[in-house]
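This is work00.csv. It holds CSV, C-alpha atoms.
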```csv
chain,number,residue,atom,x,y,z
A,1,MET,CA,-14.4,-6.8,-28.1
A,2,ILE,CA,-15.6,-3.5,-26.7
A,3,THR,CA,-16.0,-0.6,-29.2
A,4,SER,CA,-15.6,2.9,-28.0
A,5,ARG,CA,-18.6,5.1,-28.9
A,6,VAL,CA,-16.8,8.4,-28.3
A,7,ALA,CA,-16.8,10.7,-31.3
A,8,SER,CA,-14.2,13.3,-31.8
A,9,PRO,CA,-15.4,16.9,-32.3
A,10,CYS,CA,-12.2,17.7,-34.3
A,11,SER,CA,-12.0,14.6,-36.5
A,12,ASP,CA,-14.4,12.5,-38.6
A,13,ARG,CA,-12.3,9.4,-38.2
A,14,ARG,CA,-14.2,6.4,-36.7
A,15,PRO,CA,-13.0,5.4,-33.2
A,16,LYS,CA,-10.9,2.3,-33.2
A,17,PRO,CA,-12.2,-0.7,-31.1
A,18,LEU,CA,-10.6,-1.4,-27.8
A,19,SER,CA,-9.6,-5.1,-27.7
A,20,PHE,CA,-9.5,-6.8,-24.3
A,21,PRO,CA,-7.3,-10.0,-23.9
A,22,LYS,CA,-9.1,-13.3,-23.2
A,23,LYS,CA,-8.8,-14.6,-19.7
A,24,THR,CA,-6.4,-17.4,-19.0
A,25,VAL,CA,-6.9,-19.5,-15.8
A,26,GLY,CA,-4.5,-21.7,-14.0
A,27,ARG,CA,-1.4,-21.1,-16.2
A,28,ARG,CA,1.2,-18.5,-17.1
A,29,ARG,CA,0.8,-16.2,-20.0
A,30,GLY,CA,4.4,-15.2,-20.7
A,31,THR,CA,5.9,-14.5,-17.3
A,32,ILE,CA,2.7,-13.0,-15.8
A,33,ARG,CA,0.8,-15.2,-13.4
A,34,LEU,CA,-2.9,-14.7,-13.9
A,35,VAL,CA,-4.0,-17.0,-11.1
A,36,PRO,CA,-1.7,-17.4,-8.1
A,37,ARG,CA,-1.2,-20.7,-6.4
A,38,ARG,CA,-2.6,-19.2,-3.1
A,39,PRO,CA,-4.1,-15.9,-2.0
A,40,PHE,CA,-2.0,-12.9,-1.1
A,41,SER,CA,-1.9,-12.3,2.7
A,42,ALA,CA,-2.5,-8.6,3.5
A,43,ARG,CA,-4.1,-6.2,6.0
A,44,VAL,CA,-4.4,-3.2,3.7
A,45,VAL,CA,-5.8,-3.0,0.1
A,46,LEU,CA,-5.0,0.2,-1.8
A,47,PHE,CA,-6.7,1.1,-5.1
A,48,ASP,CA,-6.1,3.3,-8.1
A,49,TRP,CA,-9.4,5.2,-8.9
A,50,ASP,CA,-9.8,5.9,-12.7
A,51,GLY,CA,-10.0,2.7,-14.8
A,52,THR,CA,-9.6,0.5,-11.7
A,53,LEU,CA,-12.8,1.3,-9.8
A,54,LEU,CA,-14.4,4.1,-11.8
A,55,ASP,CA,-15.5,3.6,-15.4
A,56,SER,CA,-14.2,7.0,-16.5
A,57,TYR,CA,-12.5,6.4,-19.8
A,58,ALA,CA,-15.3,7.7,-22.0
A,59,ALA,CA,-15.7,10.8,-19.8
A,60,ASP,CA,-11.9,11.3,-19.9
A,61,VAL,CA,-11.9,11.0,-23.7
A,62,ARG,CA,-14.7,13.5,-24.2
A,63,ALA,CA,-13.1,16.0,-21.9
A,64,TYR,CA,-9.7,15.6,-23.7
A,65,LEU,CA,-11.3,15.9,-27.1
A,66,ALA,CA,-13.3,19.0,-26.1
A,67,MET,CA,-10.0,20.5,-24.8
A,68,PHE,CA,-8.1,19.7,-28.0
A,69,HIS,CA,-10.9,21.2,-30.0
A,70,ALA,CA,-10.9,24.4,-28.0
A,71,LEU,CA,-7.1,24.7,-28.4
A,72,ASP,CA,-7.5,24.1,-32.2
A,73,LEU,CA,-5.4,20.9,-32.0
A,74,ASP,CA,-5.7,18.2,-34.7
A,75,TRP,CA,-5.9,15.4,-32.2
A,76,GLY,CA,-8.5,12.7,-32.0
A,77,LEU,CA,-9.2,9.4,-30.3
A,78,ALA,CA,-6.5,7.5,-32.2
A,79,GLU,CA,-3.8,9.9,-31.0
A,80,LEU,CA,-5.1,9.9,-27.4
A,81,GLN,CA,-5.2,6.1,-27.3
A,82,ARG,CA,-1.6,6.0,-28.6
A,83,PHE,CA,-0.2,8.5,-26.2
A,84,TYR,CA,-2.4,8.2,-23.1
A,85,ARG,CA,-0.7,8.3,-19.8
A,86,PRO,CA,-2.1,8.8,-16.2
A,87,ASP,CA,0.0,11.9,-15.9
A,88,TRP,CA,-1.9,14.3,-18.2
A,89,TYR,CA,1.2,16.5,-18.7
A,90,GLN,CA,2.8,13.7,-20.6
A,91,VAL,CA,-0.3,13.8,-22.9
A,92,TYR,CA,0.2,17.6,-23.2
A,93,ARG,CA,3.8,17.1,-24.2
A,94,ALA,CA,2.9,14.5,-26.8
A,95,ALA,CA,0.2,16.8,-28.2
A,96,ARG,CA,2.8,19.6,-28.3
A,97,ILE,CA,0.8,21.9,-26.1
A,98,PRO,CA,3.1,24.8,-25.1
A,99,ARG,CA,3.8,24.8,-21.4
A,100,SER,CA,2.4,28.4,-21.3
A,101,GLN,CA,-1.0,26.9,-22.3
A,102,TRP,CA,-1.1,24.0,-19.7
A,103,GLN,CA,-3.1,25.9,-17.1
A,104,ARG,CA,-5.7,26.9,-19.8
A,105,ALA,CA,-5.7,23.2,-21.0
A,106,ASN,CA,-6.4,22.1,-17.4
A,107,ARG,CA,-9.3,24.6,-17.1
A,108,LEU,CA,-10.8,23.5,-20.4
A,109,TRP,CA,-10.5,19.8,-19.4
A,110,ARG,CA,-12.1,20.4,-16.0
A,111,ARG,CA,-15.0,22.4,-17.6
A,112,ALA,CA,-15.7,19.6,-20.1
A,113,TYR,CA,-15.4,16.9,-17.4
A,114,SER,CA,-17.7,18.7,-15.0
A,115,ARG,CA,-20.6,17.7,-17.4
A,116,GLU,CA,-19.7,14.0,-17.0
A,117,ARG,CA,-21.2,11.5,-14.5
A,118,PRO,CA,-19.0,8.4,-14.7
A,119,SER,CA,-20.2,5.3,-12.8
A,120,LEU,CA,-18.4,2.5,-11.1
A,121,LEU,CA,-17.0,-0.4,-13.1
A,122,PRO,CA,-19.2,-3.6,-13.0
A,123,GLY,CA,-18.7,-5.4,-9.7
A,124,ALA,CA,-16.6,-2.6,-8.2
A,125,ARG,CA,-19.1,-1.7,-5.5
A,126,ALA,CA,-19.6,-5.3,-4.4
A,127,VAL,CA,-15.8,-5.8,-4.3
A,128,ILE,CA,-15.3,-2.7,-2.1
A,129,ARG,CA,-18.1,-3.8,0.3
A,130,ARG,CA,-16.8,-7.4,0.5
A,131,LEU,CA,-13.1,-6.4,1.1
A,132,GLY,CA,-14.1,-3.6,3.5
A,133,ARG,CA,-15.4,-6.2,6.0
A,134,ARG,CA,-11.9,-7.7,6.4
A,135,PHE,CA,-9.3,-5.2,5.1
A,136,LYS,CA,-8.4,-1.5,5.6
A,137,LEU,CA,-9.0,0.2,2.2
A,138,GLY,CA,-7.5,3.3,0.6
A,139,ILE,CA,-7.3,5.2,-2.7
A,140,VAL,CA,-4.0,6.4,-4.3
A,141,THR,CA,-4.8,8.2,-7.5
A,142,SER,CA,-3.2,10.7,-9.9
A,143,GLY,CA,-6.6,12.4,-10.1
A,144,SER,CA,-7.2,15.8,-8.4
A,145,CYS,CA,-8.8,16.1,-5.0
A,146,GLY,CA,-11.4,18.5,-6.4
A,147,ARG,CA,-12.7,15.8,-8.7
A,148,VAL,CA,-12.0,12.4,-6.9
A,149,ARG,CA,-13.2,13.2,-3.4
A,150,PRO,CA,-16.6,14.6,-4.6
A,151,GLN,CA,-17.0,11.5,-6.8
A,152,LEU,CA,-16.4,9.3,-3.8
A,153,TYR,CA,-19.1,11.1,-1.8
A,154,LYS,CA,-21.6,11.1,-4.7
A,155,LEU,CA,-21.1,7.4,-5.2
A,156,GLY,CA,-21.5,6.8,-1.4
A,157,LEU,CA,-18.1,5.3,-1.1
A,158,ARG,CA,-16.2,7.8,1.1
A,159,PRO,CA,-16.8,6.0,4.4
A,160,GLN,CA,-15.4,2.8,2.9
A,161,PHE,CA,-11.9,4.2,2.5
A,162,ALA,CA,-9.6,5.0,5.4
A,163,THR,CA,-7.5,7.4,3.3
A,164,CYS,CA,-7.6,9.0,-0.2
A,165,ILE,CA,-4.3,10.3,-1.6
A,166,CYS,CA,-4.7,12.6,-4.7
A,167,SER,CA,-2.3,14.4,-7.0
A,168,GLU,CA,-2.2,17.5,-4.7
A,169,ASP,CA,-1.1,15.6,-1.7
A,170,VAL,CA,2.4,14.9,-3.0
A,171,SER,CA,4.7,16.8,-5.3
A,172,LEU,CA,5.8,13.8,-7.4
A,173,ARG,CA,3.6,11.8,-9.7
A,174,LYS,CA,3.3,8.1,-10.5
A,175,PRO,CA,5.3,6.0,-10.9
A,176,HIS,CA,7.2,7.8,-8.1
A,177,PRO,CA,6.2,6.0,-4.9
A,178,ALA,CA,5.6,9.1,-2.8
A,179,ALA,CA,1.8,8.9,-2.9
A,180,LEU,CA,1.7,5.2,-2.0
A,181,LYS,CA,4.2,5.7,0.8
A,182,LEU,CA,2.1,8.6,2.2
A,183,ALA,CA,-1.0,6.3,2.2
A,184,LEU,CA,0.9,3.6,4.1
A,185,GLN,CA,2.1,6.2,6.6
A,186,ARG,CA,-1.4,7.4,7.2
A,187,LEU,CA,-2.7,3.9,7.6
A,188,ARG,CA,0.3,3.0,9.8
A,189,SER,CA,0.9,0.0,7.6
A,190,LYS,CA,4.1,-1.7,6.5
A,191,PRO,CA,4.6,-2.2,2.7
A,192,GLU,CA,4.7,-6.0,3.2
A,193,ASP,CA,1.2,-5.9,4.7
A,194,ALA,CA,-0.4,-4.1,1.7
A,195,VAL,CA,-1.3,-4.7,-1.9
A,196,TYR,CA,-2.0,-2.1,-4.6
A,197,VAL,CA,-4.5,-2.6,-7.3
A,198,GLY,CA,-4.2,-0.6,-10.5
A,199,ASP,CA,-4.8,-0.6,-14.3
A,200,THR,CA,-1.6,1.0,-15.7
A,201,ALA,CA,2.1,0.2,-15.9
A,202,GLU,CA,2.8,3.3,-13.8
A,203,ASP,CA,0.6,1.8,-11.0
A,204,ILE,CA,2.7,-1.4,-11.1
A,205,GLU,CA,6.0,0.4,-11.1
A,206,MET,CA,4.9,2.7,-8.2
A,207,ALA,CA,3.9,-0.3,-6.1
A,208,ARG,CA,7.2,-2.1,-6.7
A,209,ARG,CA,9.2,1.0,-5.8
A,210,ALA,CA,7.3,1.3,-2.6
A,211,GLY,CA,7.9,-2.4,-1.7
A,212,VAL,CA,4.1,-3.2,-2.1
A,213,ARG,CA,2.8,-6.2,-4.1
A,214,ALA,CA,1.2,-5.1,-7.3
A,215,ILE,CA,-2.1,-6.4,-8.7
A,216,GLY,CA,-3.0,-5.4,-12.2
A,217,VAL,CA,-6.6,-5.3,-13.6
A,218,PHE,CA,-7.7,-4.7,-17.1
A,219,GLY,CA,-10.0,-1.7,-17.4
A,220,PRO,CA,-11.4,0.5,-20.1
A,221,PHE,CA,-8.3,2.6,-20.6
A,222,PRO,CA,-5.9,1.7,-23.5
A,223,THR,CA,-3.2,0.3,-21.1
A,224,GLN,CA,-3.5,-3.5,-21.6
A,225,ALA,CA,-0.2,-4.0,-23.5
A,226,SER,CA,1.9,-1.8,-21.2
A,227,MET,CA,0.2,-3.5,-18.2
A,228,ARG,CA,1.4,-6.9,-19.5
A,229,ALA,CA,4.9,-5.6,-20.1
A,230,ALA,CA,5.0,-4.3,-16.5
A,231,ARG,CA,4.6,-7.8,-15.2
A,232,PRO,CA,2.5,-7.3,-12.0
A,233,ASP,CA,2.5,-10.0,-9.3
A,234,LEU,CA,-1.1,-10.8,-10.3
A,235,LEU,CA,-3.0,-9.8,-13.5
A,236,LEU,CA,-6.8,-10.0,-13.5
A,237,GLN,CA,-9.3,-9.6,-16.3
A,238,SER,CA,-11.7,-7.6,-14.1
A,239,ILE,CA,-11.9,-5.9,-10.7
A,240,ARG,CA,-14.6,-8.3,-9.7
A,241,ASP,CA,-12.1,-11.2,-9.9
A,242,LEU,CA,-10.0,-9.8,-7.0
A,243,PRO,CA,-11.5,-11.0,-3.7
A,244,PRO,CA,-10.6,-14.7,-3.9
A,245,TYR,CA,-7.0,-13.8,-4.3
A,246,LEU,CA,-6.8,-11.9,-1.0
A,247,ARG,CA,-6.6,-13.3,2.5
A,248,TYR,CA,-6.6,-11.3,5.7
A,249,ALA,CA,-3.3,-11.6,7.6
A,250,GLY,CA,-4.7,-11.9,11.1
```
As structure tokens, how would this structure be written, given the file I've shared?
Amino acid sequence: MITSRVASPCSDRRPKPLSFPKKTVGRRRGTIRLVPRRPFSARVVLFDWDGTLLDSYAADVRAYLAMFHALDLDWGLAELQRFYRPDWYQVYRAARIPRSQWQRANRLWRRAYSRERPSLLPGARAVIRRLGRRFKLGIVTSGSCGRVRPQLYKLGLRPQFATCICSEDVSLRKPHPAALKLALQRLRSKPEDAVYVGDTAEDIEMARRAGVRAIGVFGPFPTQASMRAARPDLLLQSIRDLPPYLRYAG
């Protein structure tokens, strides 16, 4: 069990622990196959960013809580965990932030997040290096270009990815497949030659709607239950478990 150490500036309630499911090998858990009979054959591997490769949950939470506090909202970690979605405007709706305040909320969140320095998830760098020798790699994220691309450069990862699609690159958000289709177009790849790796139900639905095989990984964000319900083609406990289940389609 991993316990969040993030404290709310607007609530004295203790953060609830985040429980991660135990790994099951070689059998089905419900209708989700955790270990496939044979590796997926692919030429292109596309990744979500936050929670899949980047350990950004604590940074995200602190930025949200600072923003809620500045807006004088009585929201803490428990509410954020309950209503978290990759599309932050859904969080704003759940928190009943008036639409007229959304741009201010964005500025407050960005200001708070600018003080954060999230690192990669354990094993992520090794996975990227290993897969980069055989596959063409890309990022498809709901995050903003102004945040994600500088993070890639600072972490020394930008050369590893042939494309990086961010929220500003398309008008429609996950789970709409527009961003994933744009990545495939830029990489001149067919959907059947690609896999998409993400940590949310929206990632899985987006991949399915684009005709791409969906691989789910458990990460730090509170999305494990919805990820199971989304029934990805493969569900892994950690990003570092990924390489054995991919084979280059030469």
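With distances taken over all atoms listed in the file, A:Gly138 is the one residue among A:Pro191, A:Gly219, A:Pro86, A:Gly138 lying closest to Thr163 of chain A.
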Contacts of Leu120 of chain A at 10 Å or less, counting all atoms listed in the file, minus same-chain residues fewer than 6 places along, as a PDB file with C-alpha atoms, keeping the file's coordinate frame?
```pdb
ATOM      1  CA  TRP A  49      -9.400   5.200  -8.900  1.00  0.00           C
ATOM      2  CA  ASP A  50      -9.800   5.900 -12.700  1.00  0.00           C
ATOM      3  CA  GLY A  51     -10.000   2.700 -14.800  1.00  0.00           C
ATOM      4  CA  THR A  52      -9.600   0.500 -11.700  1.00  0.00           C
ATOM      5  CA  LEU A  53     -12.800   1.300  -9.800  1.00  0.00           C
ATOM      6  CA  LEU A  54     -14.400   4.100 -11.800  1.00  0.00           C
ATOM      7  CA  ASP A  55     -15.500   3.600 -15.400  1.00  0.00           C
ATOM      8  CA  SER A  56     -14.200   7.000 -16.500  1.00  0.00           C
ATOM      9  CA  LEU A 155     -21.100   7.400  -5.200  1.00  0.00           C
TER      10      LEU A 155
END
```
Item to check | Residue nearest Arg111 of chain A among A:Val127, A:Met67, A:Leu242, A:Ala78 (counting all atoms listed in the file) | outcome: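 Smallest distance to Arg111 of chain A is found for A:Met67.
Minimum distance to Val217 of chain A across A:Arg158, A:Arg62, A:Arg231, A:Arg129 (counting only C-alpha atoms) occurs at A:Arg231.
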Item to check | Of the listed residues A:Ile239, A:Leu234, A:Ala63, A:Pro222, that which approaches Arg82 of chain A most closely, counting all atoms listed in the file | outcome: A:Pro222
Next on the checklist: So, with all atoms listed in the file as the atoms that count, which of A:Ala214, A:Leu235, A:Cys164, A:Ala70 lies closest to Arg107 of chain A?
Outcome noted: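 Under the stated criterion, the closest residue is A:Ala70.
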Item to check | d(atom CA of Asp48 of chain A, atom CA of Ser114 of chain A) in Å | outcome: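 So the two atoms, atom CA of Asp48 of chain A and atom CA of Ser114 of chain A, lie 20.5 Å apart.
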Item to check | Near-Glu202 of chain A list (7 Å; all atoms listed in the file; drop same-chain fewer than 4 positions) as a list in words | outcome: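 Neighbouring residues, sequence-local ones excluded: Lys174, Pro175 and Met206 of chain A.
Going from atom CA of Ser167 of chain A to atom CA of Ala183 of chain A covers 12.3 Å.
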Checklist entry - Which one of A:Leu184, A:Ala210, A:Ile215, A:Leu71 sits closest to Ala162 of chain A if you count only C-alpha atoms? => result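 The shortest atom-to-atom distance to Ala162 of chain A comes from A:Leu184.
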Item to check | Atomic separation - atom CA of Arg99 of chain A relative to atom CA of Tyr64 of chain A, Å | outcome: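 Pair atom CA of Tyr64 of chain A / atom CA of Arg99 of chain A returns 16.5 Å.
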Item to check | Close residues, Val44 of chain A itself excluded, 6 Å, only C-alpha atoms, min 5 positions apart in chain, as a ChimeraX atom specification | outcome: /A:135-137,194
Checklist entry - Can you tell me, as a list in words, what residues are no more than 6 Å from Pro39 of chain A when counting only C-alpha atoms, ignoring any on the same chain fewer than 2 positions away? => result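 Neighbouring residues, sequence-local ones excluded: Tyr245, Leu246 and Arg247 of chain A.
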Checklist entry - Around (-3.0, 14.8, -22.3) in the file's own coordinates, what residues are found within 12 Å if you use only C-alpha atoms, given back as a PyMOL selection string? => result chain A and resi 60-68+73+75-77+79-97+102+105-106+108-109
Checklist entry - What's the 7 Å shell around Val212 of chain A, counting all atoms listed in the file, without same-chain residues fewer than 4 positions away, as a PyMOL selection string? => result chain A and resi 191-192+194-196+207-208
Written selection (C-alpha atoms) as an mmCIF file, in the frame of the given file:
```
data_model
loop_
_atom_site.group_PDB
_atom_site.id
_atom_site.type_symbol
_atom_site.label_atom_id
_atom_site.label_comp_id
_atom_site.auth_asym_id
_atom_site.auth_seq_id
_atom_site.Cartn_x
_atom_site.Cartn_y
_atom_site.Cartn_z
ATOM 1 C CA PRO A 191 4.600 -2.200 2.700
ATOM 2 C CA GLU A 192 4.700 -6.000 3.200
ATOM 3 C CA ALA A 194 -0.400 -4.100 1.700
ATOM 4 C CA VAL A 195 -1.300 -4.700 -1.900
ATOM 5 C CA TYR A 196 -2.000 -2.100 -4.600
ATOM 6 C CA ALA A 207 3.900 -0.300 -6.100
ATOM 7 C CA ARG A 208 7.200 -2.100 -6.700
#
```
As an mmCIF file, keeping the file's coordinate frame, please: segment 86-103 of chain A completed to N, CA and C atoms.
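Saved file result-v5.cif follows:
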```
data_model
loop_
_atom_site.group_PDB
_atom_site.id
_atom_site.type_symbol
_atom_site.label_atom_id
_atom_site.label_comp_id
_atom_site.auth_asym_id
_atom_site.auth_seq_id
_atom_site.Cartn_x
_atom_site.Cartn_y
_atom_site.Cartn_z
ATOM 1 N N PRO A 86 -1.389 8.245 -17.408
ATOM 2 C CA PRO A 86 -2.100 8.800 -16.200
ATOM 3 C C PRO A 86 -1.691 10.222 -15.915
ATOM 4 N N ASP A 87 -0.436 10.549 -16.138
ATOM 5 C CA ASP A 87 0.000 11.900 -15.900
ATOM 6 C C ASP A 87 -0.326 12.722 -17.189
ATOM 7 N N TRP A 88 -1.343 13.570 -17.067
ATOM 8 C CA TRP A 88 -1.900 14.300 -18.200
ATOM 9 C C TRP A 88 -0.848 15.234 -18.839
ATOM 10 N N TYR A 89 0.159 15.651 -18.079
ATOM 11 C CA TYR A 89 1.200 16.500 -18.700
ATOM 12 C C TYR A 89 2.011 15.792 -19.707
ATOM 13 N N GLN A 90 2.120 14.482 -19.583
ATOM 14 C CA GLN A 90 2.800 13.700 -20.600
ATOM 15 C C GLN A 90 1.939 13.712 -21.912
ATOM 16 N N VAL A 91 0.616 13.696 -21.757
ATOM 17 C CA VAL A 91 -0.300 13.800 -22.900
ATOM 18 C C VAL A 91 -0.099 15.192 -23.548
ATOM 19 N N TYR A 92 -0.027 16.228 -22.718
ATOM 20 C CA TYR A 92 0.200 17.600 -23.200
ATOM 21 C C TYR A 92 1.464 17.678 -24.032
ATOM 22 N N ARG A 93 2.521 17.067 -23.500
ATOM 23 C CA ARG A 93 3.800 17.100 -24.200
ATOM 24 C C ARG A 93 3.686 16.378 -25.564
ATOM 25 N N ALA A 94 3.034 15.232 -25.552
ATOM 26 C CA ALA A 94 2.900 14.500 -26.800
ATOM 27 C C ALA A 94 2.074 15.259 -27.821
ATOM 28 N N ALA A 95 1.072 16.006 -27.352
ATOM 29 C CA ALA A 95 0.200 16.800 -28.200
ATOM 30 C C ALA A 95 0.904 18.154 -28.589
ATOM 31 N N ARG A 96 2.074 18.388 -28.030
ATOM 32 C CA ARG A 96 2.800 19.600 -28.300
ATOM 33 C C ARG A 96 2.065 20.870 -27.859
ATOM 34 N N ILE A 97 1.393 20.766 -26.727
ATOM 35 C CA ILE A 97 0.800 21.900 -26.100
ATOM 36 C C ILE A 97 1.831 22.742 -25.433
ATOM 37 N N PRO A 98 2.029 24.000 -25.766
ATOM 38 C CA PRO A 98 3.100 24.800 -25.100
ATOM 39 C C PRO A 98 2.830 24.839 -23.586
ATOM 40 N N ARG A 99 3.907 24.803 -22.835
ATOM 41 C CA ARG A 99 3.800 24.800 -21.400
ATOM 42 C C ARG A 99 2.988 26.058 -20.916
ATOM 43 N N SER A 100 3.106 27.152 -21.644
ATOM 44 C CA SER A 100 2.400 28.400 -21.300
ATOM 45 C C SER A 100 0.859 28.184 -21.378
ATOM 46 N N GLN A 101 0.426 27.116 -22.094
ATOM 47 C CA GLN A 101 -1.000 26.900 -22.300
ATOM 48 C C GLN A 101 -1.518 25.733 -21.361
ATOM 49 N N TRP A 102 -0.653 25.176 -20.525
ATOM 50 C CA TRP A 102 -1.100 24.000 -19.700
ATOM 51 C C TRP A 102 -2.177 24.362 -18.740
ATOM 52 N N GLN A 103 -2.098 25.503 -18.099
ATOM 53 C CA GLN A 103 -3.100 25.900 -17.100
ATOM 54 C C GLN A 103 -4.477 26.093 -17.838
#
```
